[in-house]
Protein chains: 4
Amino acid sequence: MKIVKSKIYNLIRDDDVNNLASNIFDFFIISLIIINVVLVIADTFNLPNIVQQISNKIEVSSVLIFTIEYLLRLWTSDFIYPQKTSFQARFKYAFSFIAIIDLLAILPFYIPFLIPIDLRILRVIRIIRLLRIFKFNRYTDAFSIIGRVLKNKASQLMSSIFVVITLVIITSVLMYNFENVAQPDKFRNVFDGMWWAVATFTTVGYGDIYPVTAVGKILSGIIAMLGIGLVAVPTGIISAGFVEQIQSSENDEKKYCPYCGKKL
Amino acid sequence: MKIVKSKIYNLIRDDDVNNLASNIFDFFIISLIIINVVLVIADTFNLPNIVQQISNKIEVSSVLIFTIEYLLRLWTSDFIYPQKTSFQARFKYAFSFIAIIDLLAILPFYIPFLIPIDLRILRVIRIIRLLRIFKFNRYTDAFSIIGRVLKNKASQLMSSIFVVITLVIITSVLMYNFENVAQPDKFRNVFDGMWWAVATFTTVGYGDIYPVTAVGKILSGIIAMLGIGLVAVPTGIISAGFVEQIQSSENDEKKYCPYCGKKL
Amino acid sequence: MKIVKSKIYNLIRDDDVNNLASNIFDFFIISLIIINVVLVIADTFNLPNIVQQISNKIEVSSVLIFTIEYLLRLWTSDFIYPQKTSFQARFKYAFSFIAIIDLLAILPFYIPFLIPIDLRILRVIRIIRLLRIFKFNRYTDAFSIIGRVLKNKASQLMSSIFVVITLVIITSVLMYNFENVAQPDKFRNVFDGMWWAVATFTTVGYGDIYPVTAVGKILSGIIAMLGIGLVAVPTGIISAGFVEQIQSSENDEKKYCPYCGKKL
Amino acid sequence: MKIVKSKIYNLIRDDDVNNLASNIFDFFIISLIIINVVLVIADTFNLPNIVQQISNKIEVSSVLIFTIEYLLRLWTSDFIYPQKTSFQARFKYAFSFIAIIDLLAILPFYIPFLIPIDLRILRVIRIIRLLRIFKFNRYTDAFSIIGRVLKNKASQLMSSIFVVITLVIITSVLMYNFENVAQPDKFRNVFDGMWWAVATFTTVGYGDIYPVTAVGKILSGIIAMLGIGLVAVPTGIISAGFVEQIQSSENDEKKYCPYCGKKL
């Protein structure tokens, strides 16, 4: 039993690059995640009946496989924390970020069996399937980088987001008051002004809403320049944070002796 | 009397983090500011009568509370400048940036009682209420950062803004002359050209105005590249200024002696 | 005579900050330039007759004043190059950048007196008046900074502009071939494709032209990312060049001893 | 024979700056490339018959000249690798990047003579002619810079592109579900959501598709800020890579001994 468990653990662990069976298993799970993401996208098209039936079968199979994977990972999690008791290890693993994602990826499927639900909730459940994309977390550190960047830069981001929100509020109230008379169907309330402000400050500028009065245009010209400068701050902080992370993780990779392979 | 005044001062001062009563008072004022900002936004919707009446009552209460707060702060301001006489301290405080904001946040409310006003002025007064958002200044240094950034980078900004204005004028006169014949209703005068230039150089590009002639498109393609480069300068200066400020204020926090814990 | 000439030179030279008369003269010329720029803009509006007559009178007066200014500067230019002969000094000055701008600012006015011209040329002459804006060059180094930046970064800019042009050509030919069938009135030829490419790569995105076919959208999504990265290079080079220039000129200002005023 | 071959090699080699004949040859080939690119663009216009006939004649002549050029380069390629045998040198040259480009620039022209083709394939062949633009590779290192930048930054780009794709998928599924009910003709499926996401995150914002529901606008406002920050990462990496390359190649130019002038 112990040997079987150990073999399963070596099969499903994701950092064991030299084990062929483990690599095949990883490749299988990654393929299944990609198929699931494709299915969520395909579901938004009007597919012929036969395709929908296949889609449903793949969905059921995926959930079963992901459920077995989840249970096996939970069962073998005492190998991850050898110092802990079997129960403590599983408890700790069950509340790790990656295990919660694994659980959320399968749980919605079982809800219709447990409680009666209507079509709206079913739709939400279908969207939640998309969380399976985060199961990739096990095979790449790209998502953890996002988390770390947002965490590292949290205080900087908070300051600048507070300034941006203040600017958006003031600008939108002003623009509403200038433009509401000229185009009451476009600038109906301050929320429309906010939508305009966000589209302008991020320089997206869809063109669905823009000032037409002379005062509105002059004001928007002036604050656009200041606003773009202000909004560039959180964007710049996030970008800088990512580049820092990518570079530092590259540096980490280089911090190994090229001759003996030991970490320096 | 002196003890009461001292207690009030300790209650309303904003840097006294360990005083529970003071923290509750701060929380109360911050909540009131947020409610006021929400009310200004809500006022732009067609609210039912009952909500408008509540809104008015909150407005009156807010002004009364902010007035009392302002008077108490003015009264206790001799604690801030202990070396000065009571009158000097209050005079100095009354003309500080934060006290002027506090005054402007309540003053417009009293104007209709003092002089007869028409509806248009009433509207302006309603907008001025939005200045209450700057009362947050007391609880965050985000706004002072804006002021400092614009002040630090003033000479750099002036130079680049002068270049940008020159570019906008030349571009708009040229575009007006090229496009006016082809679309006289869009490029009616140089101001329309300026509106186009600002929307293009900031890369917002609403799509309400753009060149249609071959010459206009070629010119706009060439100057768009140069213009975006030029306009990126003040935007970049503001962004860089903010990031510097945020980083330097973070460094300030770190400027404590690691041995004794005293601020260096 | 020599004394009069010397006095005039001291009056019109622009670097003599402590001379009150010279400062008044500078202020007068600067005001006149601003008035001229305002007039060029105002000319694009349908002005009442009386305003147009005043505008014409200001135009004639401006040209006369600028002509006298130009001749006086030419006459006194031997003070600028004391080592040269009077003729050599004037010849050298006449071909300096600032003197050519001064000449171009007045010359177009005299063309209708010399040769018979039609209305179209008259219109071009009216636009050339805008060159007067560069007379500001004497009072600010903002324009010389543009020239220096473009010159310093010339080789870098050339490389990246060549890459951008190649990308624009390839992209526009591809997009023309993908979109021409679906929207023959929008993507009429490769020039329309180029207009789309410039609007997309600069992220302006007016919305007058965009792909509608699936292949066109996928292609445009992929090359937009690469294209924006490539176009960001010349923009970034120009921006970086300006910030460098502004900072280095600020450093130059600081390189004076604060006690004795000597350049370090 | 050996002397003729040597003379031809010296004529067609592109790094021999002091040879007048070679420079004339280079100028001739460069002109021919530019003419060919102009012809590809001109072909998309409805040209009069006479122009099309000239265009066809230039096309035939170009292909003949480029074919002769290709054969001569292949024949003389044993001068490039003197240590290798004649066959090895030609084999190695034939599979170099620049030789493949040279071959692809002429090969499509001969396909219609070899196999029967229909009009659609003829169209693709006409587009492939555009590859001739990469023959410039011989005269500039701008294209090799693109290749090197993308190669140097490959791992960084992969990480950030993976994050961007994930964000685009999640965003587009969410936006499809929010907006599909309100505007079923705009957000028809997740692909429309992806098109919106790309246009928004790159800040192009054509304005052909944008959210109209309150929830969609709030969501798009929040994720636009995050998305722009994320998408700015690969764009920033590409830009940074280019600036590094341009600077390092400039530094390379400076790496000559100031005393003897030899390259270090």
# chains A, B, ... in the order shown; residues from 1 in each chain; ligands from 1
call {"tool": "interface_residues", "arguments": {"of": "chain A", "to": "chain B", "cutoff": "9 Å", "atoms": "only C-alpha atoms", "output": "PyMOL selection string"}}
result
chain A and resi 156+159-160+162-163+166+169-170+173-174+176-177+188-191+199-210+214+217-218+221+224-233+236-237
call {"tool": "residues_around", "arguments": {"residues": "Ser22 in chain B", "least_positions_apart": "2", "cutoff": "12 Å", "atoms": "only C-alpha atoms", "output": "MDAnalysis selection string"}}
result
chainID B and resid 7:20 24:29
call {"tool": "write_last_selection", "arguments": {"atoms": "N, CA and C atoms", "output": "CSV table (one decimal), in the first residue's frame"}}
result
chain,number,residue,atom,x,y,z
B,7,LYS,N,-8.8,68.3,25.9
B,7,LYS,CA,-9.4,67.0,25.5
B,7,LYS,C,-10.0,67.1,24.1
B,8,ILE,N,-10.6,68.2,23.8
B,8,ILE,CA,-11.2,68.3,22.4
B,8,ILE,C,-10.1,68.3,21.4
B,9,TYR,N,-9.0,69.0,21.7
B,9,TYR,CA,-7.9,69.0,20.7
B,9,TYR,C,-7.4,67.6,20.5
B,10,ASN,N,-7.2,66.8,21.6
B,10,ASN,CA,-6.8,65.4,21.4
B,10,ASN,C,-7.8,64.6,20.6
B,11,LEU,N,-9.1,64.9,20.8
B,11,LEU,CA,-10.1,64.2,20.1
B,11,LEU,C,-10.0,64.5,18.6
B,12,ILE,N,-9.9,65.7,18.2
B,12,ILE,CA,-10.0,66.1,16.8
B,12,ILE,C,-8.7,66.0,16.0
B,13,ARG,N,-7.6,66.0,16.7
B,13,ARG,CA,-6.3,65.9,16.0
B,13,ARG,C,-6.2,64.6,15.2
B,14,ASP,N,-5.6,64.6,14.1
B,14,ASP,CA,-5.7,63.4,13.2
B,14,ASP,C,-4.5,62.5,13.3
B,15,ASP,N,-3.4,63.0,14.0
B,15,ASP,CA,-2.2,62.1,14.0
B,15,ASP,C,-2.0,61.3,15.3
B,16,ASP,N,-3.1,61.3,16.1
B,16,ASP,CA,-3.0,60.6,17.4
B,16,ASP,C,-3.6,59.2,17.3
B,17,VAL,N,-2.8,58.3,16.8
B,17,VAL,CA,-3.3,57.0,16.4
B,17,VAL,C,-3.7,56.1,17.5
B,18,ASN,N,-3.2,56.3,18.8
B,18,ASN,CA,-3.5,55.4,19.9
B,18,ASN,C,-4.7,55.8,20.7
B,19,ASN,N,-5.3,57.0,20.3
B,19,ASN,CA,-6.5,57.5,21.1
B,19,ASN,C,-7.7,56.9,20.5
B,20,LEU,N,-8.4,56.0,21.2
B,20,LEU,CA,-9.6,55.4,20.6
B,20,LEU,C,-10.7,56.4,20.3
B,24,ILE,N,-12.4,57.1,16.6
B,24,ILE,CA,-13.8,57.0,16.3
B,24,ILE,C,-14.3,58.3,15.7
B,25,PHE,N,-13.8,59.5,16.2
B,25,PHE,CA,-14.1,60.8,15.6
B,25,PHE,C,-13.6,60.8,14.2
B,26,ASP,N,-12.4,60.4,13.9
B,26,ASP,CA,-11.9,60.4,12.5
B,26,ASP,C,-12.7,59.5,11.6
B,27,PHE,N,-13.1,58.3,12.1
B,27,PHE,CA,-13.9,57.4,11.3
B,27,PHE,C,-15.3,58.1,11.0
B,28,PHE,N,-15.8,58.8,12.0
B,28,PHE,CA,-17.1,59.5,11.8
B,28,PHE,C,-17.0,60.5,10.7
B,29,ILE,N,-16.0,61.4,10.8
B,29,ILE,CA,-15.8,62.4,9.8
B,29,ILE,C,-15.6,61.8,8.4
call {"tool": "residues_around", "arguments": {"residues": "Leu103 in chain B", "least_positions_apart": "5", "cutoff": "12 Å", "atoms": "only C-alpha atoms", "output": "list in words"}}
result
Val63, Phe66, Thr67, Ile68, Glu69, Tyr70, Leu71, Arg73, Leu74, Tyr93, Ala94, Phe95, Ser96, Phe97, Ile98, Pro108, Phe109, Tyr110, Ile128, Arg129, Leu131, Arg132, Phe134 and Lys135 of chain B
call {"tool": "write_last_selection", "arguments": {"atoms": "N, CA, C and O atoms", "output": "mmCIF file, in the first residue's frame"}}
result
data_model
loop_
_atom_site.group_PDB
_atom_site.id
_atom_site.type_symbol
_atom_site.label_atom_id
_atom_site.label_comp_id
_atom_site.auth_asym_id
_atom_site.auth_seq_id
_atom_site.Cartn_x
_atom_site.Cartn_y
_atom_site.Cartn_z
ATOM 1 N N VAL B 63 -23.339 69.914 7.080
ATOM 2 C CA VAL B 63 -22.795 71.271 7.138
ATOM 3 C C VAL B 63 -22.673 71.713 8.591
ATOM 4 O O VAL B 63 -21.653 72.293 8.988
ATOM 5 N N PHE B 66 -19.702 69.809 10.068
ATOM 6 C CA PHE B 66 -18.440 70.328 9.520
ATOM 7 C C PHE B 66 -18.153 71.732 10.054
ATOM 8 O O PHE B 66 -16.997 72.099 10.262
ATOM 9 N N THR B 67 -19.232 72.527 10.278
ATOM 10 C CA THR B 67 -19.044 73.882 10.820
ATOM 11 C C THR B 67 -18.517 73.805 12.248
ATOM 12 O O THR B 67 -17.547 74.496 12.615
ATOM 13 N N ILE B 68 -19.149 72.938 13.056
ATOM 14 C CA ILE B 68 -18.677 72.768 14.437
ATOM 15 C C ILE B 68 -17.234 72.276 14.432
ATOM 16 O O ILE B 68 -16.387 72.789 15.172
ATOM 17 N N GLU B 69 -16.948 71.289 13.567
ATOM 18 C CA GLU B 69 -15.591 70.751 13.462
ATOM 19 C C GLU B 69 -14.607 71.876 13.125
ATOM 20 O O GLU B 69 -13.543 71.980 13.738
ATOM 21 N N TYR B 70 -15.004 72.740 12.139
ATOM 22 C CA TYR B 70 -14.119 73.821 11.711
ATOM 23 C C TYR B 70 -13.840 74.782 12.867
ATOM 24 O O TYR B 70 -12.692 75.151 13.123
ATOM 25 N N LEU B 71 -14.918 75.152 13.590
ATOM 26 C CA LEU B 71 -14.777 76.113 14.693
ATOM 27 C C LEU B 71 -13.921 75.525 15.814
ATOM 28 O O LEU B 71 -13.060 76.208 16.376
ATOM 29 N N ARG B 73 -11.607 73.207 15.521
ATOM 30 C CA ARG B 73 -10.222 73.144 15.054
ATOM 31 C C ARG B 73 -9.562 74.522 15.146
ATOM 32 O O ARG B 73 -8.397 74.648 15.512
ATOM 33 N N LEU B 74 -10.345 75.554 14.786
ATOM 34 C CA LEU B 74 -9.813 76.914 14.841
ATOM 35 C C LEU B 74 -9.539 77.310 16.296
ATOM 36 O O LEU B 74 -8.494 77.879 16.618
ATOM 37 N N TYR B 93 -3.355 79.268 11.319
ATOM 38 C CA TYR B 93 -4.098 78.056 10.995
ATOM 39 C C TYR B 93 -5.190 78.338 9.960
ATOM 40 O O TYR B 93 -5.375 77.577 9.004
ATOM 41 N N ALA B 94 -5.913 79.454 10.142
ATOM 42 C CA ALA B 94 -7.040 79.783 9.264
ATOM 43 C C ALA B 94 -6.604 79.895 7.810
ATOM 44 O O ALA B 94 -7.397 79.646 6.900
ATOM 45 N N PHE B 95 -5.340 80.263 7.570
ATOM 46 C CA PHE B 95 -4.852 80.418 6.201
ATOM 47 C C PHE B 95 -4.004 79.230 5.726
ATOM 48 O O PHE B 95 -3.375 79.314 4.678
ATOM 49 N N SER B 96 -4.015 78.152 6.539
ATOM 50 C CA SER B 96 -3.344 76.942 6.062
ATOM 51 C C SER B 96 -4.230 76.278 5.002
ATOM 52 O O SER B 96 -5.449 76.477 4.981
ATOM 53 N N PHE B 97 -3.610 75.480 4.116
ATOM 54 C CA PHE B 97 -4.340 74.863 2.997
ATOM 55 C C PHE B 97 -5.526 74.047 3.494
ATOM 56 O O PHE B 97 -6.645 74.171 2.993
ATOM 57 N N ILE B 98 -5.297 73.232 4.539
ATOM 58 C CA ILE B 98 -6.333 72.316 5.018
ATOM 59 C C ILE B 98 -7.508 73.085 5.631
ATOM 60 O O ILE B 98 -8.673 72.694 5.464
ATOM 61 N N PRO B 108 -20.212 77.651 0.996
ATOM 62 C CA PRO B 108 -21.255 77.810 -0.037
ATOM 63 C C PRO B 108 -22.663 77.580 0.500
ATOM 64 O O PRO B 108 -23.620 78.167 0.014
ATOM 65 N N PHE B 109 -22.776 76.733 1.543
ATOM 66 C CA PHE B 109 -24.092 76.441 2.111
ATOM 67 C C PHE B 109 -24.745 77.694 2.689
ATOM 68 O O PHE B 109 -25.971 77.832 2.688
ATOM 69 N N TYR B 110 -23.912 78.603 3.214
ATOM 70 C CA TYR B 110 -24.462 79.785 3.904
ATOM 71 C C TYR B 110 -24.744 80.939 2.956
ATOM 72 O O TYR B 110 -25.380 81.911 3.341
ATOM 73 N N ILE B 128 -19.636 72.878 -5.821
ATOM 74 C CA ILE B 128 -18.538 73.227 -4.919
ATOM 75 C C ILE B 128 -18.525 72.298 -3.697
ATOM 76 O O ILE B 128 -17.482 72.053 -3.101
ATOM 77 N N ARG B 129 -19.719 71.763 -3.356
ATOM 78 C CA ARG B 129 -19.778 70.780 -2.266
ATOM 79 C C ARG B 129 -18.742 69.676 -2.432
ATOM 80 O O ARG B 129 -18.280 69.075 -1.472
ATOM 81 N N LEU B 131 -15.817 69.853 -3.100
ATOM 82 C CA LEU B 131 -14.532 70.175 -2.478
ATOM 83 C C LEU B 131 -14.354 69.410 -1.171
ATOM 84 O O LEU B 131 -13.230 69.253 -0.691
ATOM 85 N N ARG B 132 -15.475 68.964 -0.585
ATOM 86 C CA ARG B 132 -15.391 68.199 0.672
ATOM 87 C C ARG B 132 -14.508 66.960 0.518
ATOM 88 O O ARG B 132 -13.980 66.452 1.489
ATOM 89 N N PHE B 134 -11.682 66.886 -0.603
ATOM 90 C CA PHE B 134 -10.304 67.237 -0.239
ATOM 91 C C PHE B 134 -10.112 67.292 1.268
ATOM 92 O O PHE B 134 -8.993 67.458 1.746
ATOM 93 N N LYS B 135 -11.210 67.205 2.030
ATOM 94 C CA LYS B 135 -11.079 67.078 3.490
ATOM 95 C C LYS B 135 -10.363 65.778 3.848
ATOM 96 O O LYS B 135 -9.832 65.643 4.946
#
call {"tool": "atom_distance", "arguments": {"atom1": "CA of Thr171 in chain D", "atom2": "CA of Ile58 in chain A"}}
result
23.7 Å
call {"tool": "select_by_dssp", "arguments": {"residues": "range 79-241 of chain A", "states": "helix (DSSP H, G or I)", "output": "PDB file with C-alpha atoms, in the first residue's frame"}}
result
ATOM      1  CA  PHE A  79       4.489  13.188   1.494  1.00  0.00           C
ATOM      2  CA  SER A  86      -1.237  12.513   8.201  1.00  0.00           C
ATOM      3  CA  PHE A  87      -4.314  14.550   9.214  1.00  0.00           C
ATOM      4  CA  GLN A  88      -2.407  17.815   9.755  1.00  0.00           C
ATOM      5  CA  ALA A  89      -0.714  17.458   6.340  1.00  0.00           C
ATOM      6  CA  ARG A  90      -4.007  16.892   4.528  1.00  0.00           C
ATOM      7  CA  PHE A  91      -5.701  19.729   6.419  1.00  0.00           C
ATOM      8  CA  LYS A  92      -2.842  22.087   5.540  1.00  0.00           C
ATOM      9  CA  TYR A  93      -2.828  20.974   1.899  1.00  0.00           C
ATOM     10  CA  ALA A  94      -6.624  21.272   1.577  1.00  0.00           C
ATOM     11  CA  PHE A  97      -4.232  28.099  -2.713  1.00  0.00           C
ATOM     12  CA  ILE A  98      -3.668  25.449  -5.372  1.00  0.00           C
ATOM     13  CA  ALA A  99      -5.903  22.883  -3.617  1.00  0.00           C
ATOM     14  CA  ILE A 100      -8.745  25.398  -3.233  1.00  0.00           C
ATOM     15  CA  ILE A 101      -8.509  26.135  -6.986  1.00  0.00           C
ATOM     16  CA  ASP A 102      -8.615  22.368  -7.669  1.00  0.00           C
ATOM     17  CA  LEU A 103     -11.712  22.051  -5.476  1.00  0.00           C
ATOM     18  CA  LEU A 104     -13.488  25.071  -7.009  1.00  0.00           C
ATOM     19  CA  ALA A 105     -12.790  23.592 -10.446  1.00  0.00           C
ATOM     20  CA  ILE A 106     -14.951  20.535  -9.668  1.00  0.00           C
ATOM     21  CA  LEU A 107     -17.359  21.599  -6.881  1.00  0.00           C
ATOM     22  CA  PRO A 108     -19.856  23.602  -9.060  1.00  0.00           C
ATOM     23  CA  PHE A 109     -20.502  20.440 -11.078  1.00  0.00           C
ATOM     24  CA  TYR A 110     -21.931  18.666  -8.011  1.00  0.00           C
ATOM     25  CA  ILE A 111     -24.188  21.509  -6.863  1.00  0.00           C
ATOM     26  CA  PRO A 112     -27.151  20.587  -9.156  1.00  0.00           C
ATOM     27  CA  PHE A 113     -27.120  17.100  -7.592  1.00  0.00           C
ATOM     28  CA  LEU A 114     -27.258  18.505  -4.070  1.00  0.00           C
ATOM     29  CA  LEU A 119     -31.243  28.222 -15.060  1.00  0.00           C
ATOM     30  CA  ARG A 120     -29.584  31.465 -13.928  1.00  0.00           C
ATOM     31  CA  ILE A 121     -27.495  29.715 -11.292  1.00  0.00           C
ATOM     32  CA  LEU A 122     -26.650  27.021 -13.852  1.00  0.00           C
ATOM     33  CA  ARG A 123     -25.231  29.765 -16.059  1.00  0.00           C
ATOM     34  CA  VAL A 124     -23.060  31.096 -13.230  1.00  0.00           C
ATOM     35  CA  ILE A 125     -21.845  27.523 -12.604  1.00  0.00           C
ATOM     36  CA  ARG A 126     -20.861  27.237 -16.265  1.00  0.00           C
ATOM     37  CA  ILE A 127     -18.770  30.413 -15.949  1.00  0.00           C
ATOM     38  CA  ILE A 128     -17.127  29.189 -12.739  1.00  0.00           C
ATOM     39  CA  ARG A 129     -15.786  26.258 -14.809  1.00  0.00           C
ATOM     40  CA  LEU A 130     -13.388  28.838 -16.191  1.00  0.00           C
ATOM     41  CA  LEU A 131     -11.553  28.702 -12.844  1.00  0.00           C
ATOM     42  CA  ARG A 132      -9.994  25.495 -14.202  1.00  0.00           C
ATOM     43  CA  ILE A 133      -7.644  27.791 -16.120  1.00  0.00           C
ATOM     44  CA  PHE A 134      -5.936  28.515 -12.796  1.00  0.00           C
ATOM     45  CA  LYS A 135      -5.070  24.827 -12.445  1.00  0.00           C
ATOM     46  CA  PHE A 136      -2.203  25.831 -14.779  1.00  0.00           C
ATOM     47  CA  ASN A 137      -0.786  27.472 -11.649  1.00  0.00           C
ATOM     48  CA  ARG A 138       0.862  24.124 -10.869  1.00  0.00           C
ATOM     49  CA  ALA A 142       3.015  33.302 -14.048  1.00  0.00           C
ATOM     50  CA  PHE A 143      -0.078  33.568 -11.802  1.00  0.00           C
ATOM     51  CA  SER A 144       1.863  33.609  -8.559  1.00  0.00           C
ATOM     52  CA  ILE A 145       3.865  36.470 -10.117  1.00  0.00           C
ATOM     53  CA  ILE A 146       0.641  38.492 -10.505  1.00  0.00           C
ATOM     54  CA  GLY A 147      -0.223  37.870  -6.870  1.00  0.00           C
ATOM     55  CA  ARG A 148       3.269  38.751  -5.660  1.00  0.00           C
ATOM     56  CA  VAL A 149       3.423  41.928  -7.793  1.00  0.00           C
ATOM     57  CA  LEU A 150       0.068  43.199  -6.524  1.00  0.00           C
ATOM     58  CA  LYS A 151       1.123  42.323  -2.936  1.00  0.00           C
ATOM     59  CA  ASN A 152       4.590  43.951  -3.192  1.00  0.00           C
ATOM     60  CA  ALA A 154       0.033  47.181  -2.568  1.00  0.00           C
ATOM     61  CA  SER A 155       0.746  50.386  -0.623  1.00  0.00           C
ATOM     62  CA  GLN A 156       1.952  52.256  -3.724  1.00  0.00           C
ATOM     63  CA  LEU A 157      -1.077  51.073  -5.677  1.00  0.00           C
ATOM     64  CA  MET A 158      -3.477  52.074  -2.877  1.00  0.00           C
ATOM     65  CA  SER A 159      -2.127  55.647  -2.792  1.00  0.00           C
ATOM     66  CA  SER A 160      -2.325  56.116  -6.530  1.00  0.00           C
ATOM     67  CA  ILE A 161      -5.701  54.374  -6.896  1.00  0.00           C
ATOM     68  CA  PHE A 162      -7.107  56.694  -4.218  1.00  0.00           C
ATOM     69  CA  VAL A 163      -5.879  59.728  -6.214  1.00  0.00           C
ATOM     70  CA  VAL A 164      -7.268  58.258  -9.458  1.00  0.00           C
ATOM     71  CA  ILE A 165     -10.690  57.615  -7.870  1.00  0.00           C
ATOM     72  CA  THR A 166     -10.801  61.186  -6.518  1.00  0.00           C
ATOM     73  CA  LEU A 167      -9.856  62.560  -9.938  1.00  0.00           C
ATOM     74  CA  VAL A 168     -12.476  60.386 -11.659  1.00  0.00           C
ATOM     75  CA  ILE A 169     -15.198  61.560  -9.219  1.00  0.00           C
ATOM     76  CA  ILE A 170     -14.381  65.275  -9.540  1.00  0.00           C
ATOM     77  CA  THR A 171     -13.968  65.069 -13.312  1.00  0.00           C
ATOM     78  CA  SER A 172     -17.175  63.118 -13.839  1.00  0.00           C
ATOM     79  CA  VAL A 173     -19.266  65.513 -11.698  1.00  0.00           C
ATOM     80  CA  LEU A 174     -17.813  68.495 -13.599  1.00  0.00           C
ATOM     81  CA  MET A 175     -18.282  66.885 -17.037  1.00  0.00           C
ATOM     82  CA  TYR A 176     -21.829  65.839 -16.139  1.00  0.00           C
ATOM     83  CA  ASN A 177     -22.678  69.430 -15.244  1.00  0.00           C
ATOM     84  CA  PHE A 178     -21.100  70.836 -18.429  1.00  0.00           C
ATOM     85  CA  GLU A 179     -22.390  68.245 -20.900  1.00  0.00           C
ATOM     86  CA  VAL A 190     -22.431  61.090 -12.981  1.00  0.00           C
ATOM     87  CA  PHE A 191     -21.942  57.382 -13.817  1.00  0.00           C
ATOM     88  CA  ASP A 192     -21.886  58.276 -17.523  1.00  0.00           C
ATOM     89  CA  GLY A 193     -19.303  60.915 -16.640  1.00  0.00           C
ATOM     90  CA  MET A 194     -17.247  58.259 -14.842  1.00  0.00           C
ATOM     91  CA  TRP A 195     -17.448  55.925 -17.847  1.00  0.00           C
ATOM     92  CA  TRP A 196     -16.210  58.815 -20.003  1.00  0.00           C
ATOM     93  CA  ALA A 197     -13.431  59.592 -17.504  1.00  0.00           C
ATOM     94  CA  VAL A 198     -12.180  55.976 -17.380  1.00  0.00           C
ATOM     95  CA  ALA A 199     -12.248  55.650 -21.198  1.00  0.00           C
ATOM     96  CA  THR A 200     -10.357  58.972 -21.533  1.00  0.00           C
ATOM     97  CA  PHE A 201      -7.769  58.578 -18.752  1.00  0.00           C
ATOM     98  CA  ALA A 214     -16.686  74.227 -25.964  1.00  0.00           C
ATOM     99  CA  VAL A 215     -16.239  74.363 -22.162  1.00  0.00           C
ATOM    100  CA  GLY A 216     -16.442  70.568 -21.940  1.00  0.00           C
ATOM    101  CA  LYS A 217     -13.798  70.169 -24.657  1.00  0.00           C
ATOM    102  CA  ILE A 218     -11.391  72.692 -23.084  1.00  0.00           C
ATOM    103  CA  LEU A 219     -11.834  71.125 -19.620  1.00  0.00           C
ATOM    104  CA  SER A 220     -11.455  67.611 -21.030  1.00  0.00           C
ATOM    105  CA  GLY A 221      -8.332  68.657 -22.974  1.00  0.00           C
ATOM    106  CA  ILE A 222      -6.680  70.019 -19.827  1.00  0.00           C
ATOM    107  CA  ILE A 223      -7.682  67.259 -17.407  1.00  0.00           C
ATOM    108  CA  ALA A 224      -7.010  64.554 -20.005  1.00  0.00           C
ATOM    109  CA  MET A 225      -3.314  65.510 -19.894  1.00  0.00           C
ATOM    110  CA  LEU A 226      -3.230  65.538 -16.059  1.00  0.00           C
ATOM    111  CA  GLY A 227      -5.491  62.477 -15.805  1.00  0.00           C
ATOM    112  CA  ILE A 228      -3.387  60.409 -18.207  1.00  0.00           C
ATOM    113  CA  GLY A 229      -0.348  61.332 -16.137  1.00  0.00           C
ATOM    114  CA  LEU A 230      -2.104  60.228 -12.937  1.00  0.00           C
ATOM    115  CA  VAL A 231      -3.591  57.018 -14.368  1.00  0.00           C
ATOM    116  CA  ALA A 232      -0.197  56.170 -15.853  1.00  0.00           C
ATOM    117  CA  VAL A 233       1.061  55.842 -12.268  1.00  0.00           C
ATOM    118  CA  PRO A 234      -0.779  52.638 -11.185  1.00  0.00           C
ATOM    119  CA  THR A 235      -0.335  51.221 -14.708  1.00  0.00           C
ATOM    120  CA  GLY A 236       3.366  52.035 -14.511  1.00  0.00           C
ATOM    121  CA  ILE A 237       3.636  50.556 -11.009  1.00  0.00           C
ATOM    122  CA  ILE A 238       2.034  47.282 -12.158  1.00  0.00           C
ATOM    123  CA  SER A 239       4.220  47.131 -15.282  1.00  0.00           C
ATOM    124  CA  ALA A 240       7.376  47.920 -13.317  1.00  0.00           C
ATOM    125  CA  GLY A 241       6.406  45.328 -10.713  1.00  0.00           C
TER     126      GLY A 241
END
call {"tool": "atom_distance", "arguments": {"atom1": "CA of Asn180 in chain A", "atom2": "CA of Pro211 in chain D"}}
result
20.8 Å
call {"tool": "decode", "arguments": {"residues": "range 184-190 of chain B", "atoms": "C-alpha atoms", "output": "short mmCIF file (atom, residue, chain, number, x, y, z; two decimals), in the first residue's frame"}}
result
data_model
loop_
_atom_site.label_atom_id
_atom_site.label_comp_id
_atom_site.auth_asym_id
_atom_site.auth_seq_id
_atom_site.Cartn_x
_atom_site.Cartn_y
_atom_site.Cartn_z
CA PRO B 184 -16.46 71.87 -43.35
CA ASP B 185 -18.91 70.62 -40.68
CA LYS B 186 -16.17 68.78 -38.74
CA PHE B 187 -13.17 71.10 -39.10
CA ARG B 188 -15.14 74.34 -38.75
CA ASN B 189 -12.26 76.32 -37.29
CA VAL B 190 -8.87 75.98 -35.62
#
